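*Asks:* Data: start-v4.txt, compact mmCIF, C-alpha atoms and all ligand atoms.
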# COMPACT_ATOMS: atom_id res chain seq x y z
CA MET D 1 191.65 -59.95 -2.70
CA SER D 2 194.58 -60.33 -5.06
CA ARG D 3 197.50 -62.51 -4.23
CA ILE D 4 200.49 -60.16 -4.37
CA ILE D 5 203.47 -62.33 -5.33
CA GLY D 6 206.97 -60.84 -5.46
CA VAL D 7 209.77 -62.38 -7.51
CA PHE D 8 213.05 -61.89 -5.61
CA SER D 9 216.69 -63.02 -5.78
CA GLY D 10 220.05 -62.45 -4.19
CA LYS D 11 222.21 -62.00 -7.27
CA GLY D 12 221.16 -60.00 -10.31
CA GLY D 13 220.62 -61.59 -13.69
CA VAL D 14 219.37 -64.94 -12.42
CA GLY D 15 216.01 -64.72 -14.24
CA LYS D 16 213.55 -62.73 -12.09
CA THR D 17 212.11 -60.70 -14.95
CA THR D 18 211.94 -63.75 -17.21
CA THR D 19 210.10 -65.59 -14.42
CA ALA D 20 207.75 -62.72 -13.50
CA VAL D 21 206.76 -62.02 -17.10
CA ASN D 22 206.21 -65.65 -18.08
CA LEU D 23 204.47 -66.54 -14.85
CA GLY D 24 202.13 -63.59 -15.43
CA ILE D 25 201.36 -64.72 -18.96
CA ALA D 26 200.92 -68.36 -17.95
CA LEU D 27 198.47 -67.38 -15.17
CA THR D 28 196.60 -65.16 -17.66
CA LYS D 29 196.31 -68.14 -19.99
CA LEU D 30 194.83 -70.12 -17.10
CA GLY D 31 191.99 -67.58 -17.12
CA LYS D 32 193.21 -65.47 -14.21
CA SER D 33 193.33 -61.69 -14.24
CA VAL D 34 196.90 -60.63 -13.58
CA ILE D 35 198.67 -57.31 -13.12
CA LEU D 36 202.45 -57.37 -13.53
CA VAL D 37 204.28 -54.54 -11.76
CA ASP D 38 207.88 -53.53 -12.44
CA SER D 39 209.17 -52.50 -9.03
CA ASN D 40 212.81 -52.66 -10.12
CA VAL D 41 212.74 -48.88 -10.54
CA ASN D 42 216.46 -48.31 -11.02
CA THR D 43 217.11 -51.03 -13.62
CA PRO D 44 213.67 -51.88 -15.01
CA ASN D 45 213.37 -54.52 -17.72
CA VAL D 46 209.71 -55.58 -17.90
CA SER D 47 208.87 -53.36 -20.89
CA LEU D 48 211.96 -54.65 -22.71
CA HIS D 49 210.92 -58.28 -22.20
CA LEU D 50 207.36 -57.54 -23.31
CA GLY D 51 208.18 -55.37 -26.33
CA MET D 52 206.31 -52.37 -24.88
CA ASN D 53 207.72 -49.25 -26.48
CA PHE D 54 205.51 -46.35 -25.52
CA THR D 55 204.57 -46.12 -21.85
CA PRO D 56 204.24 -42.47 -20.84
CA PHE D 57 202.82 -43.34 -17.39
CA THR D 58 204.79 -45.57 -15.04
CA ILE D 59 205.11 -46.84 -11.49
CA GLN D 60 207.24 -43.79 -10.69
CA ASP D 61 204.33 -41.51 -11.70
CA ILE D 62 201.99 -43.50 -9.48
CA ILE D 63 204.36 -43.26 -6.50
CA GLU D 64 204.79 -39.52 -7.07
CA ASN D 65 200.99 -39.19 -7.20
CA GLN D 66 201.29 -37.74 -10.68
CA THR D 67 198.93 -40.27 -12.21
CA TYR D 68 196.09 -42.60 -11.32
CA ILE D 69 196.77 -46.32 -11.45
CA PRO D 70 194.41 -46.97 -14.43
CA GLN D 71 196.43 -44.54 -16.56
CA ALA D 72 199.62 -46.52 -16.00
CA LEU D 73 198.01 -49.94 -16.69
CA TYR D 74 198.87 -51.19 -20.15
CA ILE D 75 197.34 -54.28 -21.73
CA HIS D 76 199.83 -56.63 -23.37
CA GLU D 77 198.68 -58.70 -26.38
CA SER D 78 198.53 -61.74 -24.06
CA GLY D 79 195.86 -60.05 -21.92
CA LEU D 80 198.33 -59.47 -19.10
CA ARG D 81 197.98 -55.99 -17.58
CA VAL D 82 201.29 -54.27 -16.88
CA ILE D 83 202.47 -51.31 -14.81
CA PRO D 84 205.93 -50.59 -16.24
CA ALA D 85 208.73 -48.55 -14.69
CA ASP D 86 210.31 -45.50 -16.29
CA PHE D 87 213.15 -46.78 -18.45
CA SER D 88 214.52 -43.38 -19.40
CA LEU D 89 217.73 -41.84 -18.09
CA LYS D 90 215.77 -39.11 -16.32
CA ASP D 91 217.00 -38.76 -12.76
CA ARG D 92 213.96 -39.84 -10.75
CA HIS D 93 214.38 -40.37 -7.04
CA VAL D 94 210.96 -41.60 -6.02
CA ASP D 95 210.16 -42.45 -2.41
CA ILE D 96 210.06 -46.20 -2.99
CA SER D 97 208.88 -46.82 0.58
CA GLU D 98 205.46 -45.63 -0.69
CA LEU D 99 205.21 -48.68 -2.99
CA LYS D 100 203.23 -50.72 -0.46
CA ASN D 101 200.45 -48.14 -0.11
CA HIS D 102 199.95 -47.97 -3.85
CA MET D 103 200.12 -51.71 -4.42
CA HIS D 104 197.46 -52.30 -1.84
CA LYS D 105 195.12 -50.19 -3.96
CA LEU D 106 195.54 -52.87 -6.64
CA ALA D 107 194.55 -55.66 -4.29
CA GLY D 108 190.93 -55.86 -5.40
CA GLU D 109 191.60 -55.24 -9.08
CA SER D 110 192.82 -58.68 -10.16
CA ASP D 111 193.34 -62.29 -9.05
CA TYR D 112 197.11 -61.78 -8.97
CA VAL D 113 199.59 -58.95 -8.72
CA ILE D 114 203.03 -60.23 -9.76
CA MET D 115 205.87 -57.95 -8.83
CA ASP D 116 209.24 -58.06 -10.62
CA CYS D 117 211.70 -56.92 -7.97
CA ALA D 118 215.22 -55.53 -7.70
CA PRO D 119 217.97 -58.04 -6.80
CA GLY D 120 219.56 -58.14 -3.37
CA LEU D 121 218.43 -56.27 -0.30
CA GLY D 122 218.72 -52.60 -1.19
CA PRO D 123 215.92 -50.06 -0.55
CA ASP D 124 214.00 -51.05 -3.72
CA ALA D 125 213.95 -54.74 -2.82
CA ARG D 126 213.04 -53.99 0.80
CA ALA D 127 210.15 -51.76 -0.25
CA ALA D 128 208.92 -54.58 -2.48
CA ILE D 129 209.17 -57.08 0.39
CA GLU D 130 206.89 -54.77 2.40
CA ALA D 131 204.42 -54.59 -0.48
CA CYS D 132 204.07 -58.33 -1.18
CA SER D 133 202.07 -61.01 0.58
CA GLU D 134 203.78 -64.03 -1.00
CA PHE D 135 207.32 -64.60 -2.23
CA LEU D 136 209.19 -66.53 -4.90
CA ILE D 137 212.98 -66.74 -4.67
CA VAL D 138 214.76 -67.20 -7.99
CA THR D 139 218.29 -68.57 -8.14
CA ASN D 140 220.62 -70.30 -10.53
CA PRO D 141 222.08 -73.60 -9.39
CA GLU D 142 225.58 -72.13 -8.83
CA THR D 143 227.02 -71.66 -5.35
CA PRO D 144 227.33 -67.80 -5.38
CA ALA D 145 223.74 -67.34 -6.63
CA VAL D 146 222.43 -69.78 -4.02
CA ALA D 147 224.43 -68.15 -1.22
CA ASP D 148 223.10 -64.69 -2.12
CA ALA D 149 219.55 -65.96 -2.58
CA TYR D 150 219.73 -67.41 0.92
CA LYS D 151 220.37 -63.94 2.38
CA THR D 152 217.26 -62.58 0.69
CA TYR D 153 215.31 -65.67 1.79
CA LYS D 154 216.36 -65.20 5.44
CA SER D 155 215.37 -61.53 5.37
CA ILE D 156 211.93 -62.38 3.99
CA LYS D 157 211.45 -65.18 6.53
CA GLY D 158 212.63 -62.78 9.25
CA MET D 159 209.71 -60.53 8.30
CA ASN D 160 207.33 -63.52 8.51
CA GLY D 161 206.93 -63.57 4.73
CA LYS D 162 205.07 -66.46 3.15
CA VAL D 163 207.61 -68.03 0.80
CA LEU D 164 205.89 -70.10 -1.90
CA GLY D 165 209.16 -71.78 -2.79
CA LEU D 166 212.34 -71.58 -4.81
CA VAL D 167 212.59 -71.30 -8.58
CA VAL D 168 215.87 -72.65 -9.96
CA ASN D 169 216.52 -71.15 -13.38
CA LYS D 170 219.16 -71.87 -16.07
CA VAL D 171 219.53 -75.49 -15.00
CA ASN D 172 221.90 -77.60 -17.11
CA ASN D 173 222.07 -80.69 -14.93
CA ASP D 174 225.83 -80.88 -15.23
CA ALA D 175 228.62 -81.54 -12.76
CA TYR D 176 229.22 -77.84 -12.04
CA GLU D 177 225.82 -77.24 -10.46
CA LEU D 178 224.25 -77.84 -7.10
CA GLN D 179 221.62 -80.55 -7.35
CA SER D 180 217.97 -79.79 -6.55
CA GLY D 181 218.06 -81.88 -3.37
CA GLU D 182 221.14 -80.04 -2.16
CA ILE D 183 219.50 -76.65 -2.74
CA GLU D 184 216.34 -77.74 -0.93
CA ASP D 185 218.37 -79.07 1.99
CA PHE D 186 220.40 -75.86 2.19
CA PHE D 187 217.29 -73.65 2.33
CA ASN D 188 215.06 -76.18 4.05
CA GLU D 189 212.49 -75.05 1.49
CA ASN D 190 210.84 -76.66 -1.52
CA ILE D 191 211.75 -75.96 -5.11
CA ILE D 192 208.49 -75.24 -6.95
CA GLY D 193 209.95 -74.49 -10.35
CA ILE D 194 212.91 -75.85 -12.30
CA VAL D 195 213.58 -73.98 -15.55
CA PRO D 196 216.24 -75.39 -17.85
CA GLU D 197 218.90 -73.25 -19.49
CA ASP D 198 217.28 -72.87 -22.89
CA ARG D 199 218.75 -70.81 -25.73
CA ASN D 200 215.18 -70.11 -26.88
CA VAL D 201 214.87 -67.82 -23.83
CA ARG D 202 217.74 -65.66 -25.07
CA ALA D 203 216.23 -65.60 -28.55
CA SER D 204 212.83 -64.65 -27.09
CA ILE D 205 214.30 -61.73 -25.14
CA GLN D 206 216.11 -60.56 -28.26
CA ASP D 207 212.77 -60.73 -30.09
CA ARG D 208 210.97 -59.05 -27.15
CA LYS D 209 208.36 -61.79 -26.93
CA PRO D 210 208.26 -63.83 -23.71
CA ILE D 211 209.17 -67.48 -24.16
CA THR D 212 205.64 -68.70 -23.30
CA ILE D 213 204.50 -66.85 -26.45
CA TYR D 214 207.65 -67.08 -28.58
CA ARG D 215 208.17 -70.86 -28.24
CA PRO D 216 205.23 -72.21 -26.22
CA ASN D 217 206.46 -75.79 -26.59
CA SER D 218 210.04 -75.12 -25.50
CA LYS D 219 211.25 -76.69 -22.28
CA ALA D 220 211.47 -73.31 -20.55
CA ALA D 221 207.92 -72.32 -21.56
CA ARG D 222 206.62 -75.65 -20.26
CA ALA D 223 208.44 -75.09 -16.98
CA TYR D 224 206.82 -71.65 -16.55
CA ARG D 225 203.36 -73.06 -17.29
CA LYS D 226 203.97 -75.80 -14.73
CA LEU D 227 204.99 -73.17 -12.17
CA ALA D 228 201.79 -71.20 -12.84
CA MET D 229 199.67 -74.33 -12.40
CA GLN D 230 201.44 -75.16 -9.17
CA ILE D 231 200.80 -71.66 -7.80
CA GLU D 232 197.17 -71.69 -8.94
CA GLY D 233 196.73 -75.20 -7.48
CA VAL D 234 195.66 -76.93 -10.68
CA ARG D 235 197.25 -79.97 -12.26
CA GLU D 236 198.44 -80.46 -15.80
CA PRO D 237 195.77 -82.24 -17.87
CA THR D 238 196.66 -85.87 -18.57
CA LEU D 239 196.15 -87.47 -21.99
CA GLY D 240 193.08 -89.10 -20.45
CA ASP D 241 191.68 -85.68 -19.45
CA ILE D 242 192.24 -84.43 -22.99
CA LEU D 243 190.51 -87.49 -24.50
CA PHE D 244 187.48 -87.08 -22.22
CA SER D 245 187.26 -83.39 -23.03
CA LEU D 246 187.63 -83.96 -26.80
CA LEU D 247 184.73 -86.42 -26.69
CA ASN D 248 182.79 -84.08 -24.41
CA MET D 249 182.38 -86.87 -21.85
CA ASP D 250 182.13 -86.55 -18.06
CA ARG D 251 184.89 -88.20 -16.09
CA LYS D 252 183.60 -90.21 -13.13
CA LYS D 253 185.98 -88.90 -10.45
N1 LIG B 301 216.04 -70.25 -18.66
C1 LIG B 301 216.94 -69.51 -19.28
N2 LIG B 301 217.76 -70.04 -20.23
C2 LIG B 301 218.69 -69.28 -20.85
N3 LIG B 301 218.92 -67.99 -20.60
C3 LIG B 301 218.14 -67.40 -19.67
C4 LIG B 301 217.11 -68.11 -18.96
N4 LIG B 301 216.52 -67.24 -18.10
C5 LIG B 301 217.13 -66.07 -18.27
N5 LIG B 301 218.10 -66.15 -19.20
C6 LIG B 301 219.06 -65.09 -19.63
O1 LIG B 301 219.46 -64.37 -18.48
C7 LIG B 301 219.31 -62.98 -18.70
C8 LIG B 301 218.87 -62.31 -17.42
O2 LIG B 301 217.52 -62.70 -17.15
P1 LIG B 301 216.54 -61.69 -16.38
O3 LIG B 301 216.57 -60.36 -17.00
O4 LIG B 301 215.23 -62.39 -16.28
O5 LIG B 301 217.28 -61.68 -14.96
P2 LIG B 301 216.93 -60.76 -13.70
O6 LIG B 301 217.15 -61.61 -12.49
O7 LIG B 301 215.62 -60.13 -13.87
O8 LIG B 301 218.07 -59.65 -13.81
P3 LIG B 301 218.16 -58.28 -12.96
O9 LIG B 301 218.65 -58.69 -11.60
O10 LIG B 301 219.18 -57.48 -13.72
O11 LIG B 301 216.82 -57.66 -12.92
C9 LIG B 301 218.30 -62.86 -19.83
O12 LIG B 301 218.56 -61.70 -20.58
C10 LIG B 301 218.50 -64.10 -20.62
O13 LIG B 301 219.47 -63.88 -21.61
MG MG B 302 215.10 -58.08 -13.89
Show the structure stored in the file as structure tokens.

*Replies:*
Amino acid sequence: MSRIIGVFSGKGGVGKTTTAVNLGIALTKLGKSVILVDSNVNTPNVSLHLGMNFTPFTIQDIIENQTYIPQALYIHESGLRVIPADFSLKDRHVDISELKNHMHKLAGESDYVIMDCAPGLGPDARAAIEACSEFLIVTNPETPAVADAYKTYKSIKGMNGKVLGLVVNKVNNDAYELQSGEIEDFFNENIIGIVPEDRNVRASIQDRKPITIYRPNSKAARAYRKLAMQIEGVREPTLGDILFSLLNMDRKK
């Protein structure tokens, strides 16, 4: 069965899509099969982040039963499989409450389904909460973002959702931010990812190549790889591990 992980927030623009896309790619690079779903049907951005231009079949078509899931699965150059949302200005009022039924059909198709969700607690976000089995809450370290994220967090917990942890994005470590410990105390929840504010991320979005591909050694890309390893339950190889593997030697432990 796939792990269906939703990427949620309170406020918009905090970095959900950046997180979902790069987490998906980082898990793919760990050898996992991953399907990334854009469930932010009113303001979708996944195809923009991934540089996908031509996607005639989308999540809206799946929900409207106009297409089979395999038709709307696109393979990104990274190996990540993607179900995009319709980006056009066409007026499409799909019954988003059907999302869960369709996503459950994906459950045996991959190791992970990562869902990029709408911000806040409107109908799109609520339908995504219903469809997911595990939850990441993305916030920035500013008070309004944290306060809004907490509302989403409480709603998910109120539905007995399994929260994997908080991802704090655009961290500058300056005097105008809440500190990690303060955010953890406020939520009574662990932070499992800290992503620095990194101008390479803005450049990567402009270039339509996710940061884990665009600048794999940037601080933000490293942070997303670390998050993927944490979720997959593997640790970062140490220099010792690398030395043993280069020499093709077994490590006695
Ligand atoms: N770590 C980072 N460092 C610098 N800028 C970042 C970082 N993460 C995201 N951004 C910037 O923030 C913008 C918004 O990010 P993103 O689209 O991932 O947010 P979102 O939460 O998905 O937004 P929405 O709620 O509208 O879906 C990006 O276009 C990018 O410019
Ligand atoms: Mg987004």

*Asks:* Pick the closest to ligand LIG 301 (chain B) from D:Glu77, D:Glu109, D:Asp86, D:Asp207: which is it, counting all atoms listed in the file?

*Replies:*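 Checking each of D:Glu77, D:Glu109, D:Asp86, D:Asp207 against ligand LIG 301 (chain B), counting all atoms listed in the file, the winner is D:Asp207.
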
*Asks:* For Lys16 (chain D), find every residue with an atom within 7 Å (counting all atoms listed in the file), except residues of its own chain fewer than 3 positions away, and show them as JSON, numbers by chain.

*Replies:* {"D": [7, 8, 19, 20, 116, 138]}

*Asks:* Between CA of Gly165 (chain D) and CA of Asn190 (chain D), what is the distance in Å, rounded to a tenth?

*Replies:*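 Between these atoms lies a distance of 5.3 Å.
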
*Asks:* So which one's closest to Met103 (chain D), D:Glu130, D:Asp241, D:Asp91, D:Asp124? Using all atoms listed in the file, please.

*Replies:* D:Glu130

*Asks:* Ligand LIG 301 (chain B): which residues are within 6 Å, counting all atoms listed in the file, as a PyMOL selection string?

*Replies:* chain D and resi 12-18+118-119+169-170+195-199+201-202+220
